[in-house]
Amino acid sequence: VITHPDLNGRVFDNNWFSDIDNHATHVAGILAGNGTLNSNYVGVAPKSKVYSYQQDCLPLGCNYDLYQNFVEGIMNYNTLILTNSWVNDECSGMSEYNPMTELIDQIIYGNYTLKSANVIWAVGNNNSCNASTGYFTIAPQASAKNIISVGNVYDNKYIRESSGFGPTDDGRIKPDLVATGTYIYSTFGNDTYDVMSGTSMAAPHVSGTIALMLEQWDRQYSQDPLPSTIKAMLLDS
């Protein structure tokens, strides 16, 4: 994540090899930007802290790196929301339930940390992978059962043509939710704002909403809600 006044003091990069990237900065601003430079571009949860990780598949493979990043975030920082605006760019494995998605489900359930966490995942922009119908084009990671998978819509609520469609290969409906992710202005390099589009921009809108829900929940109850409770509240509202 690039340093930006809207994010100062609240974004922490946790990989020494992390790329400095406008995409990550844009996502972080949608979630947590406070509008210091321009109040028109305040993020959804502007007091949030963001712990940024780069998903890297070396040297021990993608699953291990994902496991390490997620578990560290939960255990070291008591992270309750794991938001993901990255997917496989290729068309292979679309809508499949594979070892990585199983791992994600286990982490959400708390099997590796004894703490559960809400995992939000952009479904990807690979609708063209099935040129005839667009169906079965959910990124593999977003096909997990316990996550909240997020598609992209225009402001008029029509689905963006590039946004991945379900169902999954085993017949589950995806995405779980859609959010605005088209022509979104947010934080960018050189202390500026710029516009980007995609499911990557839709996902942090949902993650920021969950952050506000958890804040309100914490004011009334002594125990954090289960991810399944948050998911049910969102899907039923």
# chains A, B, ... in the order shown; residues from 1 in each chain; ligands from 1
>>> residues_around(residues="stretch 154-157 of chain A", least_positions_apart="3", cutoff="7 Å", atoms="only C-alpha atoms", output="ChimeraX atom specification")
/A:160,180-182
>>> residues_around(residues="A:Ser85", least_positions_apart="3", cutoff="10 Å", atoms="only C-alpha atoms", output="PyMOL selection string")
chain A and resi 23-24+27+120-124+150+198-204
>>> write_last_selection(atoms="N, CA and C atoms", output="mmCIF file, in the first residue's frame")
data_model
loop_
_atom_site.group_PDB
_atom_site.id
_atom_site.type_symbol
_atom_site.label_atom_id
_atom_site.label_comp_id
_atom_site.auth_asym_id
_atom_site.auth_seq_id
_atom_site.Cartn_x
_atom_site.Cartn_y
_atom_site.Cartn_z
ATOM 1 N N HIS A 23 -3.152 -0.454 -6.883
ATOM 2 C CA HIS A 23 -4.341 -1.290 -6.689
ATOM 3 C C HIS A 23 -4.619 -1.488 -5.207
ATOM 4 N N ALA A 24 -3.604 -1.884 -4.450
ATOM 5 C CA ALA A 24 -3.767 -2.092 -3.011
ATOM 6 C C ALA A 24 -4.139 -0.794 -2.303
ATOM 7 N N VAL A 27 -7.830 -0.002 -2.955
ATOM 8 C CA VAL A 27 -8.685 -0.878 -2.137
ATOM 9 C C VAL A 27 -8.702 -0.401 -0.686
ATOM 10 N N ILE A 120 -13.809 -12.038 3.195
ATOM 11 C CA ILE A 120 -14.512 -11.451 2.064
ATOM 12 C C ILE A 120 -13.613 -11.604 0.849
ATOM 13 N N TRP A 121 -14.218 -12.008 -0.281
ATOM 14 C CA TRP A 121 -13.397 -12.262 -1.464
ATOM 15 C C TRP A 121 -14.074 -11.747 -2.732
ATOM 16 N N ALA A 122 -13.346 -10.964 -3.498
ATOM 17 C CA ALA A 122 -13.818 -10.545 -4.812
ATOM 18 C C ALA A 122 -13.916 -11.760 -5.726
ATOM 19 N N VAL A 123 -15.004 -11.850 -6.498
ATOM 20 C CA VAL A 123 -15.197 -13.041 -7.331
ATOM 21 C C VAL A 123 -14.366 -13.004 -8.604
ATOM 22 N N GLY A 124 -13.742 -11.870 -8.912
ATOM 23 C CA GLY A 124 -12.921 -11.766 -10.114
ATOM 24 C C GLY A 124 -13.693 -11.189 -11.291
ATOM 25 N N VAL A 150 -18.052 -11.506 -3.415
ATOM 26 C CA VAL A 150 -18.630 -10.220 -3.806
ATOM 27 C C VAL A 150 -18.451 -9.978 -5.295
ATOM 28 N N GLY A 198 -13.854 -2.803 -10.869
ATOM 29 C CA GLY A 198 -13.670 -4.239 -10.761
ATOM 30 C C GLY A 198 -14.244 -4.784 -9.465
ATOM 31 N N THR A 199 -14.288 -6.093 -9.380
ATOM 32 C CA THR A 199 -14.747 -6.702 -8.134
ATOM 33 C C THR A 199 -13.800 -6.380 -6.981
ATOM 34 N N SER A 200 -12.549 -6.047 -7.295
ATOM 35 C CA SER A 200 -11.603 -5.613 -6.254
ATOM 36 C C SER A 200 -12.088 -4.376 -5.530
ATOM 37 N N MET A 201 -12.804 -3.514 -6.258
ATOM 38 C CA MET A 201 -13.337 -2.299 -5.658
ATOM 39 C C MET A 201 -14.657 -2.559 -4.931
ATOM 40 N N ALA A 202 -15.376 -3.590 -5.351
ATOM 41 C CA ALA A 202 -16.640 -3.930 -4.697
ATOM 42 C C ALA A 202 -16.403 -4.559 -3.325
ATOM 43 N N ALA A 203 -15.424 -5.459 -3.236
ATOM 44 C CA ALA A 203 -15.200 -6.214 -1.991
ATOM 45 C C ALA A 203 -14.946 -5.328 -0.773
ATOM 46 N N PRO A 204 -14.099 -4.277 -0.857
ATOM 47 C CA PRO A 204 -13.867 -3.473 0.350
ATOM 48 C C PRO A 204 -15.089 -2.679 0.808
#
>>> closest_residue(among="A:Glu96, A:Asp13, A:Asp89, A:Asp21", to="A:Gly73", atoms="only C-alpha atoms")
A:Asp13
>>> residues_around(residues="stretch 2-4 of chain A", least_positions_apart="5", cutoff="12 Å", atoms="only C-alpha atoms", output="ChimeraX atom specification")
/A:9-13,18-29,32-38,52,186-193
>>> atom_distance(atom1="atom CA of A:Ser132", atom2="atom CA of A:Pro175")
19.1 Å
>>> closest_residue(among="A:Thr229, A:Gln141, A:Ser162, A:Thr209", to="A:Ser95", atoms="only C-alpha atoms")
A:Gln141
>>> residues_around(residues="A:Tyr185", least_positions_apart="5", cutoff="7 Å", atoms="only C-alpha atoms", output="ChimeraX atom specification")
/A:41,193-196
>>> write_last_selection(atoms="N, CA, C and O atoms", output="short mmCIF file (atom, residue, chain, number, x, y, z; two decimals), in the first residue's frame")
data_model
loop_
_atom_site.label_atom_id
_atom_site.label_comp_id
_atom_site.auth_asym_id
_atom_site.auth_seq_id
_atom_site.Cartn_x
_atom_site.Cartn_y
_atom_site.Cartn_z
N TYR A 41 -14.14 11.68 -0.70
CA TYR A 41 -13.64 10.33 -0.91
C TYR A 41 -13.36 9.61 0.40
O TYR A 41 -12.39 8.87 0.54
N TYR A 193 -6.09 10.96 -5.93
CA TYR A 193 -7.18 10.01 -6.06
C TYR A 193 -7.32 9.67 -7.54
O TYR A 193 -7.01 10.47 -8.41
N ASP A 194 -7.81 8.47 -7.79
CA ASP A 194 -8.06 8.09 -9.18
C ASP A 194 -9.19 7.08 -9.21
O ASP A 194 -9.61 6.56 -8.18
N VAL A 195 -9.66 6.80 -10.42
CA VAL A 195 -10.80 5.91 -10.60
C VAL A 195 -10.34 4.54 -11.04
O VAL A 195 -9.41 4.41 -11.85
N MET A 196 -10.92 3.50 -10.47
CA MET A 196 -10.68 2.13 -10.88
C MET A 196 -12.01 1.38 -10.83
O MET A 196 -12.96 1.82 -10.17
#
>>> closest_residue(among="A:Phe70, A:Pro227, A:Asn14, A:Leu177", to="A:Tyr53", atoms="only C-alpha atoms")
A:Asn14
>>> residues_around(residues="A:Tyr109", least_positions_apart="2", cutoff="12 Å", atoms="only C-alpha atoms", output="number ranges by chain")
A: 102-107, 111-119, 144-147, 226-228
>>> select_by_dssp(residues="stretch 18-225 of chain A", states="strand (DSSP E)", output="ChimeraX atom specification")
/A:50-52,81-84,118-122,148-153,177-180,184-188,192-196
>>> atom_distance(atom1="atom CA of A:Asn84", atom2="atom CA of A:Thr133")
25.9 Å
>>> closest_residue(among="A:Ser128, A:Thr83, A:Gln68, A:Ser197", to="A:Ala142", atoms="only C-alpha atoms")
A:Thr83
